[in-house]
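Engineer: Take a look at entry24.pdb, PDB, C-alpha atoms:
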```pdb
ATOM      1  CA  THR U 835    -131.070 123.912 121.561
ATOM      2  CA  GLY U 836    -129.207 126.680 119.751
ATOM      3  CA  TYR U 837    -126.162 128.832 119.447
ATOM      4  CA  GLN U 838    -125.373 131.254 122.233
ATOM      5  CA  SER U 839    -125.782 134.200 119.855
ATOM      6  CA  SER U 840    -125.185 135.160 116.259
ATOM      7  CA  ASN U 841    -121.883 136.631 117.378
ATOM      8  CA  ASP U 842    -120.714 133.381 119.057
ATOM      9  CA  LEU U 843    -121.158 130.384 116.769
ATOM     10  CA  ASN U 844    -118.590 128.297 118.655
ATOM     11  CA  ARG U 845    -120.875 127.349 121.522
ATOM     12  CA  ILE U 846    -123.988 125.198 121.519
ATOM     13  CA  ASN U 847    -126.319 125.343 124.531
ATOM     14  CA  ILE U 848    -128.992 122.830 125.499
ATOM     15  CA  ALA U 849    -131.299 124.906 127.665
ATOM     16  CA  PRO U 850    -134.578 123.370 128.827
ATOM     17  CA  ALA U 851    -137.043 126.075 129.855
ATOM     18  CA  GLY U 852    -134.393 128.691 129.241
ATOM     19  CA  ASN U 853    -131.970 127.310 131.833
ATOM     20  CA  VAL U 854    -128.661 126.226 130.325
ATOM     21  CA  GLY U 855    -128.086 122.569 131.234
ATOM     22  CA  LEU U 856    -125.377 121.553 128.777
ATOM     23  CA  THR U 857    -122.842 123.552 126.812
ATOM     24  CA  VAL U 858    -120.555 122.252 124.075
ATOM     25  CA  ARG U 859    -117.765 124.672 123.303
ATOM     26  CA  GLY U 860    -116.193 124.639 119.844
ATOM     27  CA  GLY U 861    -113.882 126.920 117.969
ATOM     28  CA  THR U 862    -110.134 127.020 118.369
ATOM     29  CA  GLY U 863    -107.782 127.285 121.330
ATOM     30  CA  SER U 864    -107.610 125.412 124.630
ATOM     31  CA  SER U 865    -111.385 125.450 125.125
ATOM     32  CA  ASN U 866    -112.136 123.742 121.799
ATOM     33  CA  GLY U 867    -114.480 120.795 122.423
ATOM     34  CA  ASN U 868    -115.012 121.473 126.147
ATOM     35  CA  VAL U 869    -118.328 120.313 127.593
ATOM     36  CA  GLY U 870    -119.998 122.165 130.442
ATOM     37  CA  ILE U 871    -122.873 120.993 132.622
ATOM     38  CA  GLY U 872    -124.339 123.846 134.611
ATOM     39  CA  THR U 873    -121.864 126.339 133.142
ATOM     40  CA  THR U 874    -121.651 128.188 129.838
ATOM     41  CA  SER U 875    -117.884 128.593 130.041
ATOM     42  CA  PRO U 876    -116.390 125.146 130.582
ATOM     43  CA  ALA U 877    -112.700 125.342 131.539
ATOM     44  CA  ALA U 878    -111.916 121.656 130.945
ATOM     45  CA  ARG U 879    -112.968 118.797 128.692
ATOM     46  CA  LEU U 880    -115.778 118.114 131.168
ATOM     47  CA  HIS U 881    -116.757 120.861 133.598
ATOM     48  CA  THR U 882    -119.728 120.432 135.934
ATOM     49  CA  LYS U 883    -120.935 123.258 138.148
ATOM     50  CA  GLU U 884    -123.603 123.260 140.825
ATOM     51  CA  THR U 885    -124.496 126.191 143.056
ATOM     52  CA  GLY U 886    -127.243 124.458 145.010
ATOM     53  CA  THR U 887    -127.227 121.663 147.594
ATOM     54  CA  VAL U 888    -127.437 118.667 145.226
ATOM     55  CA  ASN U 889    -124.496 116.483 144.234
ATOM     56  CA  SER U 890    -122.345 117.725 141.372
ATOM     57  CA  ALA U 891    -121.866 114.236 139.941
ATOM     58  CA  ILE U 892    -122.812 110.639 140.699
ATOM     59  CA  PHE U 893    -121.170 107.559 139.152
ATOM     60  CA  GLU U 894    -123.412 104.518 139.422
ATOM     61  CA  ASN U 895    -123.317 100.964 138.174
ATOM     62  CA  SER U 896    -126.375  99.297 139.610
ATOM     63  CA  GLY U 897    -125.937  96.147 137.528
ATOM     64  CA  GLN U 898    -122.553  95.139 138.954
ATOM     65  CA  ALA U 899    -120.909  94.652 142.352
ATOM     66  CA  TYR U 900    -118.535  97.565 141.689
ATOM     67  CA  ALA U 901    -118.439 101.027 140.153
ATOM     68  CA  TYR U 902    -115.323 103.023 139.440
ATOM     69  CA  ALA U 903    -114.016 105.978 137.482
ATOM     70  CA  ALA U 904    -110.622 105.728 135.792
ATOM     71  CA  ILE U 905    -108.189 108.646 135.596
ATOM     72  CA  LYS U 906    -105.625 107.773 132.930
ATOM     73  CA  VAL U 907    -102.238 109.241 132.057
ATOM     74  CA  ASN U 908     -99.476 108.405 129.604
ATOM     75  CA  GLU U 909     -96.969 105.854 130.946
ATOM     76  CA  ALA U 910     -93.843 107.930 131.528
ATOM     77  CA  GLN U 911     -91.781 108.284 134.681
ATOM     78  CA  ASN U 912     -93.111 110.943 137.116
ATOM     79  CA  ASN U 913     -96.394 111.347 135.231
ATOM     80  CA  LYS U 914     -99.333 111.408 137.616
ATOM     81  CA  ALA U 915    -103.064 110.835 137.515
ATOM     82  CA  GLY U 916    -104.667 112.565 140.446
ATOM     83  CA  LEU U 917    -107.699 113.849 142.243
ATOM     84  CA  SER U 918    -107.541 117.390 143.641
ATOM     85  CA  PHE U 919    -109.793 118.946 146.284
ATOM     86  CA  ALA U 920    -109.895 122.672 145.587
ATOM     87  CA  VAL U 921    -111.628 125.961 146.302
ATOM     88  CA  GLY U 922    -112.525 128.651 143.777
ATOM     89  CA  ASP U 923    -112.144 128.258 140.017
ATOM     90  CA  ALA U 924    -108.372 127.830 139.670
ATOM     91  CA  LEU U 925    -106.247 124.730 140.275
ATOM     92  CA  ALA U 926    -103.063 126.399 141.538
ATOM     93  CA  SER U 927    -101.395 125.229 144.761
ATOM     94  CA  THR U 928    -102.979 128.197 146.554
ATOM     95  CA  HIS U 929    -106.439 126.817 145.697
ATOM     96  CA  ILE U 930    -105.889 123.078 146.305
ATOM     97  CA  GLN U 931    -106.378 122.057 149.933
ATOM     98  CA  ALA U 932    -105.528 118.381 149.356
ATOM     99  CA  GLU U 933    -104.550 115.996 146.582
ATOM    100  CA  ILE U 934    -104.246 112.259 145.958
ATOM    101  CA  HIS U 935    -102.444 111.024 142.883
ATOM    102  CA  GLY U 936    -100.949 107.908 141.383
ATOM    103  CA  LEU U 937     -97.351 108.474 140.307
ATOM    104  CA  VAL U 938     -95.637 106.501 137.541
ATOM    105  CA  THR U 939     -92.256 105.416 138.940
ATOM    106  CA  ASN U 940     -90.905 103.056 136.273
ATOM    107  CA  ASN U 941     -88.671 104.255 133.462
ATOM    108  CA  GLY U 942     -89.493 101.663 130.835
ATOM    109  CA  GLY U 943     -90.108  98.004 131.546
ATOM    110  CA  ALA U 944     -92.979  96.834 133.722
ATOM    111  CA  LEU U 945     -95.330  99.451 135.161
ATOM    112  CA  THR U 946     -94.776 100.457 138.799
ATOM    113  CA  GLY U 947     -96.492 103.241 140.688
ATOM    114  CA  ASP U 948     -96.761 105.020 144.018
ATOM    115  CA  LEU U 949     -99.845 106.474 145.704
ATOM    116  CA  VAL U 950     -99.106 109.986 147.019
ATOM    117  CA  PHE U 951    -101.122 112.034 149.530
ATOM    118  CA  LYS U 952    -100.671 115.807 149.811
ATOM    119  CA  THR U 953    -102.174 118.524 152.026
ATOM    120  CA  ASN U 954    -101.944 122.307 151.988
ATOM    121  CA  GLN U 955    -100.356 124.305 154.790
ATOM    122  CA  GLY U 956    -100.153 128.043 154.221
ATOM    123  CA  ASP U 957    -100.737 127.990 150.432
ATOM    124  CA  ASN U 958     -98.062 125.320 150.136
ATOM    125  CA  LEU U 959     -99.095 121.896 148.843
ATOM    126  CA  GLN U 960     -96.773 119.302 150.393
ATOM    127  CA  GLU U 961     -96.467 115.526 150.271
ATOM    128  CA  ARG U 962     -97.515 113.991 153.600
ATOM    129  CA  MET U 963     -97.678 110.262 152.966
ATOM    130  CA  ARG U 964     -96.681 107.822 150.227
ATOM    131  CA  ILE U 965     -97.365 104.148 149.603
ATOM    132  CA  ASN U 966     -94.728 102.893 147.196
ATOM    133  CA  SER U 967     -95.006 100.076 144.683
ATOM    134  CA  ALA U 968     -93.653  97.569 147.241
ATOM    135  CA  GLY U 969     -96.358  98.494 149.777
ATOM    136  CA  ASN U 970     -94.057 100.427 152.116
ATOM    137  CA  VAL U 971     -95.595 103.500 153.761
ATOM    138  CA  THR U 972     -93.658 106.734 154.327
ATOM    139  CA  ILE U 973     -95.049 109.562 156.476
ATOM    140  CA  ASN U 974     -93.298 112.874 155.850
ATOM    141  CA  ALA U 975     -92.870 115.506 158.593
ATOM    142  CA  GLY U 976     -95.868 114.406 160.584
ATOM    143  CA  ASN U 977     -97.162 112.141 163.327
ATOM    144  CA  LEU U 978     -99.314 109.037 163.245
ATOM    145  CA  PHE U 979    -102.343 109.477 165.506
ATOM    146  CA  LEU U 980    -104.530 106.514 166.408
ATOM    147  CA  ALA U 981    -107.927 107.579 167.722
ATOM    148  CA  ASN U 982    -108.784 104.291 169.436
ATOM    149  CA  SER U 983    -107.424 103.994 172.987
ATOM    150  CA  SER U 984    -106.215 100.442 172.349
ATOM    151  CA  SER U 985    -105.179 100.623 168.695
ATOM    152  CA  ARG U 986    -102.711  98.146 167.231
ATOM    153  CA  ILE U 987    -100.578  97.873 164.140
ATOM    154  CA  SER U 988    -100.491  94.262 162.987
ATOM    155  CA  ASN U 989     -98.701  92.292 160.290
ATOM    156  CA  GLY U 990    -101.662  89.925 160.167
ATOM    157  CA  ALA U 991     -99.612  87.018 161.541
ATOM    158  CA  SER U 992     -97.798  86.820 164.870
ATOM    159  CA  GLY U 993     -96.576  90.369 165.437
ATOM    160  CA  GLU U 994     -98.463  93.428 166.665
ATOM    161  CA  ILE U 995     -97.617  96.810 168.165
ATOM    162  CA  GLY U 996    -100.234  98.226 170.525
ATOM    163  CA  PHE U 997    -100.673 101.876 171.522
ATOM    164  CA  ASN U 998    -102.310 103.121 174.728
ATOM    165  CA  TYR U 999    -102.638  99.480 175.716
ATOM    166  CA  ASN U1000    -105.080  99.177 178.633
ATOM    167  CA  THR U1001    -103.824 102.399 180.195
ATOM    168  CA  GLY U1002    -106.585 104.775 179.115
ATOM    169  CA  ALA U1003    -105.542 108.368 178.551
ATOM    170  CA  THR U1004    -102.074 107.845 180.079
ATOM    171  CA  GLY U1005    -100.841 106.030 176.974
ATOM    172  CA  GLY U1006     -98.312 103.300 176.486
ATOM    173  CA  LEU U1007     -96.631 101.050 173.980
ATOM    174  CA  ALA U1008     -96.733  97.273 173.808
ATOM    175  CA  TRP U1009     -95.556  94.512 171.506
ATOM    176  CA  TYR U1010     -97.759  91.460 171.074
ATOM    177  CA  GLY U1011     -96.138  88.318 169.764
ATOM    178  CA  GLY U1012     -99.509  86.796 168.984
ATOM    179  CA  GLY U1013    -102.501  86.465 171.284
ATOM    180  CA  THR U1014    -103.848  89.030 173.741
ATOM    181  CA  SER U1015    -100.957  89.203 176.233
ATOM    182  CA  SER U1016     -98.088  91.592 175.542
ATOM    183  CA  THR U1017     -94.530  90.253 175.540
ATOM    184  CA  PHE U1018     -92.957  93.693 175.852
ATOM    185  CA  SER U1019     -94.457  96.962 177.076
ATOM    186  CA  VAL U1020     -93.447 100.470 178.097
ATOM    187  CA  THR U1021     -95.754 102.753 180.070
ATOM    188  CA  ASN U1022     -95.888 106.524 179.666
ATOM    189  CA  SER U1023     -93.850 106.864 182.892
ATOM    190  CA  GLY U1024     -91.012 104.768 181.444
ATOM    191  CA  ASN U1025     -91.686 101.462 183.228
ATOM    192  CA  LEU U1026     -90.663  98.493 181.134
ATOM    193  CA  SER U1027     -92.220  95.043 181.282
ATOM    194  CA  LEU U1028     -90.721  92.015 179.549
ATOM    195  CA  SER U1029     -92.079  88.489 179.544
ATOM    196  CA  GLY U1030     -89.257  86.967 177.495
ATOM    197  CA  HIS U1031     -85.468  87.267 177.289
ATOM    198  CA  ILE U1032     -83.036  90.022 176.385
ATOM    199  CA  TYR U1033     -80.428  88.898 173.874
ATOM    200  CA  LEU U1034     -77.435  91.046 172.935
ATOM    201  CA  SER U1035     -75.855  89.674 169.767
ATOM    202  CA  GLN U1036     -72.728  91.832 170.138
ATOM    203  CA  PRO U1037     -70.808  93.177 173.157
ATOM    204  CA  LYS U1038     -73.007  96.025 174.324
ATOM    205  CA  THR U1039     -73.565  98.128 177.435
ATOM    206  CA  ILE U1040     -76.944  98.670 179.094
ATOM    207  CA  SER U1041     -76.786 102.027 180.867
ATOM    208  CA  PHE U1042     -79.085 103.586 183.467
ATOM    209  CA  ALA U1043     -79.177 107.346 184.041
ATOM    210  CA  ASN U1044     -80.089 106.939 187.724
ATOM    211  CA  ALA U1045     -80.115 104.242 190.384
ATOM    212  CA  GLN U1046     -82.257 101.378 189.135
ATOM    213  CA  THR U1047     -83.532  98.078 190.495
ATOM    214  CA  ILE U1048     -83.870  94.803 188.596
ATOM    215  CA  ARG U1049     -86.530  92.876 190.454
ATOM    216  CA  ASP U1050     -88.484  89.673 190.045
ATOM    217  CA  ASN U1051     -91.980  90.427 191.325
ATOM    218  CA  GLY U1052     -93.026  86.814 191.010
ATOM    219  CA  GLY U1053     -90.691  85.476 193.709
ATOM    220  CA  GLY U1054     -88.759  83.292 191.302
ATOM    221  CA  GLY U1055     -85.355  84.902 191.793
ATOM    222  CA  LEU U1056     -82.860  86.378 189.384
ATOM    223  CA  ALA U1057     -80.276  84.383 187.436
ATOM    224  CA  ILE U1058     -77.433  85.819 185.351
ATOM    225  CA  ARG U1059     -75.690  83.231 183.215
ATOM    226  CA  VAL U1060     -72.407  83.883 181.434
ATOM    227  CA  PRO U1061     -71.367  80.611 179.791
ATOM    228  CA  VAL U1062     -68.142  81.767 178.090
ATOM    229  CA  TYR U1063     -67.045  85.281 178.958
ATOM    230  CA  ARG U1064     -66.635  87.102 182.245
ATOM    231  CA  LEU U1065     -69.367  88.813 184.215
ATOM    232  CA  ASP U1066     -68.650  92.373 185.346
ATOM    233  CA  LEU U1067     -70.783  93.945 188.087
ATOM    234  CA  ILE U1068     -69.790  97.560 188.653
ATOM    235  CA  ALA U1069     -71.411 100.112 190.949
ATOM    236  CA  GLY U1070     -70.284 103.709 191.082
ATOM    237  CA  THR U1071     -69.487 106.331 188.467
ATOM    238  CA  ASN U1072     -66.896 104.174 186.683
ATOM    239  CA  ALA U1073     -64.858 101.000 186.949
ATOM    240  CA  ALA U1074     -62.135 102.745 188.984
ATOM    241  CA  ASN U1075     -64.246 103.473 192.092
ATOM    242  CA  GLY U1076     -67.144 101.056 191.692
ATOM    243  CA  HIS U1077     -68.212  98.455 194.233
ATOM    244  CA  ILE U1078     -70.674  95.589 194.573
ATOM    245  CA  THR U1079     -73.126  95.233 197.416
ATOM    246  CA  PHE U1080     -75.253  92.261 198.468
ATOM    247  CA  GLN U1081     -78.502  93.126 200.217
ATOM    248  CA  THR U1082     -81.283  91.192 201.931
ATOM    249  CA  ASN U1083     -84.262  92.045 204.103
ATOM    250  CA  ASN U1084     -85.664  94.667 201.737
ATOM    251  CA  GLY U1085     -82.490  96.628 201.125
ATOM    252  CA  THR U1086     -80.286  95.919 204.134
ATOM    253  CA  GLU U1087     -76.675  95.621 203.010
ATOM    254  CA  GLN U1088     -75.042  92.410 204.227
ATOM    255  CA  MET U1089     -71.827  92.230 202.224
ATOM    256  CA  ARG U1090     -69.703  94.465 200.033
ATOM    257  CA  VAL U1091     -66.824  94.093 197.606
ATOM    258  CA  SER U1092     -65.024  97.437 197.458
ATOM    259  CA  HIS U1093     -63.334  98.939 194.417
ATOM    260  CA  GLY U1094     -59.994  97.840 195.847
ATOM    261  CA  GLY U1095     -61.094  94.210 196.121
ATOM    262  CA  ASN U1096     -61.697  94.185 199.910
ATOM    263  CA  VAL U1097     -64.689  92.189 201.129
ATOM    264  CA  GLY U1098     -66.716  93.454 204.049
ATOM    265  CA  ILE U1099     -69.450  91.593 205.925
ATOM    266  CA  GLY U1100     -71.410  93.905 208.162
ATOM    267  CA  THR U1101     -69.305  96.922 207.154
ATOM    268  CA  THR U1102     -69.553  99.302 204.198
ATOM    269  CA  SER U1103     -65.850 100.264 204.290
ATOM    270  CA  PRO U1104     -63.703  97.106 204.499
ATOM    271  CA  THR U1105     -59.984  97.849 204.968
ATOM    272  CA  GLU U1106     -58.709  94.286 204.509
ATOM    273  CA  LYS U1107     -59.184  91.527 201.992
ATOM    274  CA  LEU U1108     -61.846  90.106 204.338
TER     275      LEU U1108
END
```
So that I can check it, write out the structure of this file as structure tokens.

Structural biologist:
Amino acid sequence: TGYQSSNDLNRINIAPAGNVGLTVRGGTGSSNGNVGIGTTSPAARLHTKETGTVNSAIFENSGQAYAYAAIKVNEAQNNKAGLSFAVGDALASTHIQAEIHGLVTNNGGALTGDLVFKTNQGDNLQERMRINSAGNVTINAGNLFLANSSSRISNGASGEIGFNYNTGATGGLAWYGGGTSSTFSVTNSGNLSLSGHIYLSQPKTISFANAQTIRDNGGGGLAIRVPVYRLDLIAGTNAANGHITFQTNNGTEQMRVSHGGNVGIGTTSPTEKL
């Protein structure tokens, strides 16, 4: 144990076998009272440095079921207590590759806080995800990737959203209303499967870009019920030239109602009312 030199009385080194293990820096200025482990020039209140392959620091509480380290900050809005992952000796944004910090969000009153995640892209540290005090998650300018081929997002009760559901690498999206069977699903090719009902609470239009077929693959038939208002069936580019066809035998047209109101049985161009 001793001073660094007679010319530097502001630093005390503890150096077993000549190797400096602990440095306490005194004097005046920003480095006053800094403690260094493995370094003779500590740049913070506690600065550990390791150039070998061992761990730089270990926090252990072998007598309890938990061990934690607290990073504290004054309670003032926008103050943050964080953990930075950096390269080199500086802590500028060009040296920090990622950061996690707790952000004070309240301005007086009860304490509230957000958990903020940042990553570095091109020497620019940017916020990527935030969990706010209410538990809501915001992902900024990125995508959510789920590595498992049948991953789900669940509310822990009766609602789940499944990704790549039973379709392997082709992908897909499904909604599970509880249980293992999906109630609504969309494949990567755009096919939609629905095991329940479609309810439109307001007057809306369901549009198809191309010719589509509504089909019951179970053989139960198709029923359209309109208890109060009218039912409009329009085929064609608009209501002015649309028509309705009735087909059987796998697509054979049997009857048609033209845009002028003529009904044809066995003809696709009826010229009279019937």

Engineer: Show which residues sit within 7 Å of Ser918 (chain U), as a ChimeraX atom specification. Count only C-alpha atoms, and ignore same-chain residues fewer than 2 positions away.

Structural biologist: /U:916,920,930,932-934

Engineer: Restricting the calculation to all atoms listed in the file: of U:Gly1076, U:Tyr902, U:Val950, U:Ser1023, which residue gets closest to Ala915 (chain U)?

Structural biologist: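 Smallest distance to Ala915 (chain U) is found for U:Val950.
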
Engineer: For Ala910 (chain U), which of U:Ser896, U:Thr939, U:Ser1035, U:Asn868 is the closest residue, counting only C-alpha atoms?

Structural biologist: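 Result for the nearest residue to Ala910 (chain U): U:Thr939.
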
Engineer: What is the distance between CA of Asn908 (chain U) and CA of Gln960 (chain U), in Å to one decimal?

Structural biologist: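 Atom-to-atom, CA of Asn908 (chain U) to CA of Gln960 (chain U), that is 23.6 Å.
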
Engineer: To box region 1022-1032 of chain U, take all atoms listed in the file, fit an axis-aligned box, add 8 Å on each side, and give centre and edge lengths in Å to one decimal, as AutoDock Vina command-line options.

Structural biologist:
```
--center_x -89.5 --center_y 96.9 --center_z 179.8 --size_x 28.9 --size_y 35.9 --size_z 22.8
```

Engineer: Looking at U:His929, U:Arg879, U:His935, U:Lys1107, which one is nearest to Asn913 (chain U), with distances taken over all atoms listed in the file?

Structural biologist: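 Among U:His929, U:Arg879, U:His935, U:Lys1107, it is U:His935 that comes nearest to Asn913 (chain U).
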
Engineer: Which residues come within 10 Å of Thr928 (chain U), counting all atoms listed in the file, excluding same-chain residues fewer than 3 positions away, as a VMD selection string?

Structural biologist: chain U and resid 920 to 922 924 to 925 931 954 to 959

Engineer: Next, write the just-selected residues to a file, as a PDB file, in the coordinates of the input, keeping C-alpha atoms as the atom set.

Structural biologist:
```pdb
ATOM      1  CA  ALA U 920    -109.895 122.672 145.587  1.00  0.00           C
ATOM      2  CA  VAL U 921    -111.628 125.961 146.302  1.00  0.00           C
ATOM      3  CA  GLY U 922    -112.525 128.651 143.777  1.00  0.00           C
ATOM      4  CA  ALA U 924    -108.372 127.830 139.670  1.00  0.00           C
ATOM      5  CA  LEU U 925    -106.247 124.730 140.275  1.00  0.00           C
ATOM      6  CA  GLN U 931    -106.378 122.057 149.933  1.00  0.00           C
ATOM      7  CA  ASN U 954    -101.944 122.307 151.988  1.00  0.00           C
ATOM      8  CA  GLN U 955    -100.356 124.305 154.790  1.00  0.00           C
ATOM      9  CA  GLY U 956    -100.153 128.043 154.221  1.00  0.00           C
ATOM     10  CA  ASP U 957    -100.737 127.990 150.432  1.00  0.00           C
ATOM     11  CA  ASN U 958     -98.062 125.320 150.136  1.00  0.00           C
ATOM     12  CA  LEU U 959     -99.095 121.896 148.843  1.00  0.00           C
TER      13      LEU U 959
END
```

Engineer: Could you expand the PyMOL selection byres ((chain U and resi 882) around 9) into the explicit residues it covers here, written as a list in words?

Structural biologist: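 Selected by the PyMOL selection byres ((chain U and resi 882) around 9) here: Val869, Gly870, Ile871, Gly872, Thr873, Pro876, Leu880, His881, Lys883, Glu884, Ser890 and Ala891 of chain U.
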
Engineer: Mind giving me the straight-line distance from CA of Val1091 (chain U) to CA of Pro1104 (chain U) in Å, one decimal?

Structural biologist: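 About the pair CA of Val1091 (chain U) and CA of Pro1104 (chain U): they are 8.1 Å apart.
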
Engineer: With distances taken over only C-alpha atoms, which residue among U:Gln1081, U:Thr887, U:Gln898, U:Thr874 lies nearest Thr1102 (chain U)?

Structural biologist: U:Gln1081

Engineer: What gap, in Å, lies between CA of Ser1103 (chain U) and CA of His1077 (chain U)?

Structural biologist: 10.5 Å

Engineer: For region 1030-1032 of chain U, list every protein, DNA or RNA residue within 7 Å, evaluated using all atoms listed in the file, and leave out those in the same chain fewer than 2 positions away; present the list as a list in words.

Structural biologist: Thr1017, Leu1028 and Leu1034 of chain U

Engineer: Just say which residues the PyMOL selection byres ((chain U and resi 909) around 12) picks in this file, as a list in words.

Structural biologist: Lys906, Val907, Asn908, Ala910, Gln911, Asn912, Asn913, Lys914, Ala915, Gly936, Leu937, Val938, Thr939, Asn940, Asn941, Gly942, Gly943, Ala944, Leu945, Thr946 and Gly947 of chain U

Engineer: Given the choices U:Ile973, U:Ile905, U:Ile1078, U:Leu1108, which gets closest to Phe951 (chain U) if the distance is worked out from all atoms listed in the file?

Structural biologist: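 Among U:Ile973, U:Ile905, U:Ile1078, U:Leu1108, it is U:Ile973 that comes nearest to Phe951 (chain U).
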
Engineer: Evaluate the PyMOL selection byres ((chain U and resi 1080) around 12) here and jot the selected residues down as JSON, numbers by chain.

Structural biologist: {"U": [1067, 1069, 1077, 1078, 1079, 1081, 1082, 1083, 1084, 1085, 1086, 1087, 1088, 1089, 1090, 1091, 1092, 1097, 1098, 1099, 1100, 1101, 1102]}

Engineer: Using C-alpha atoms, can you write the selected residues to a file as a PDB file, in the frame of the given file?

Structural biologist:
```
ATOM      1  CA  LEU U1067     -70.783  93.945 188.087  1.00  0.00           C
ATOM      2  CA  ALA U1069     -71.411 100.112 190.949  1.00  0.00           C
ATOM      3  CA  HIS U1077     -68.212  98.455 194.233  1.00  0.00           C
ATOM      4  CA  ILE U1078     -70.674  95.589 194.573  1.00  0.00           C
ATOM      5  CA  THR U1079     -73.126  95.233 197.416  1.00  0.00           C
ATOM      6  CA  GLN U1081     -78.502  93.126 200.217  1.00  0.00           C
ATOM      7  CA  THR U1082     -81.283  91.192 201.931  1.00  0.00           C
ATOM      8  CA  ASN U1083     -84.262  92.045 204.103  1.00  0.00           C
ATOM      9  CA  ASN U1084     -85.664  94.667 201.737  1.00  0.00           C
ATOM     10  CA  GLY U1085     -82.490  96.628 201.125  1.00  0.00           C
ATOM     11  CA  THR U1086     -80.286  95.919 204.134  1.00  0.00           C
ATOM     12  CA  GLU U1087     -76.675  95.621 203.010  1.00  0.00           C
ATOM     13  CA  GLN U1088     -75.042  92.410 204.227  1.00  0.00           C
ATOM     14  CA  MET U1089     -71.827  92.230 202.224  1.00  0.00           C
ATOM     15  CA  ARG U1090     -69.703  94.465 200.033  1.00  0.00           C
ATOM     16  CA  VAL U1091     -66.824  94.093 197.606  1.00  0.00           C
ATOM     17  CA  SER U1092     -65.024  97.437 197.458  1.00  0.00           C
ATOM     18  CA  VAL U1097     -64.689  92.189 201.129  1.00  0.00           C
ATOM     19  CA  GLY U1098     -66.716  93.454 204.049  1.00  0.00           C
ATOM     20  CA  ILE U1099     -69.450  91.593 205.925  1.00  0.00           C
ATOM     21  CA  GLY U1100     -71.410  93.905 208.162  1.00  0.00           C
ATOM     22  CA  THR U1101     -69.305  96.922 207.154  1.00  0.00           C
ATOM     23  CA  THR U1102     -69.553  99.302 204.198  1.00  0.00           C
TER      24      THR U1102
END
```
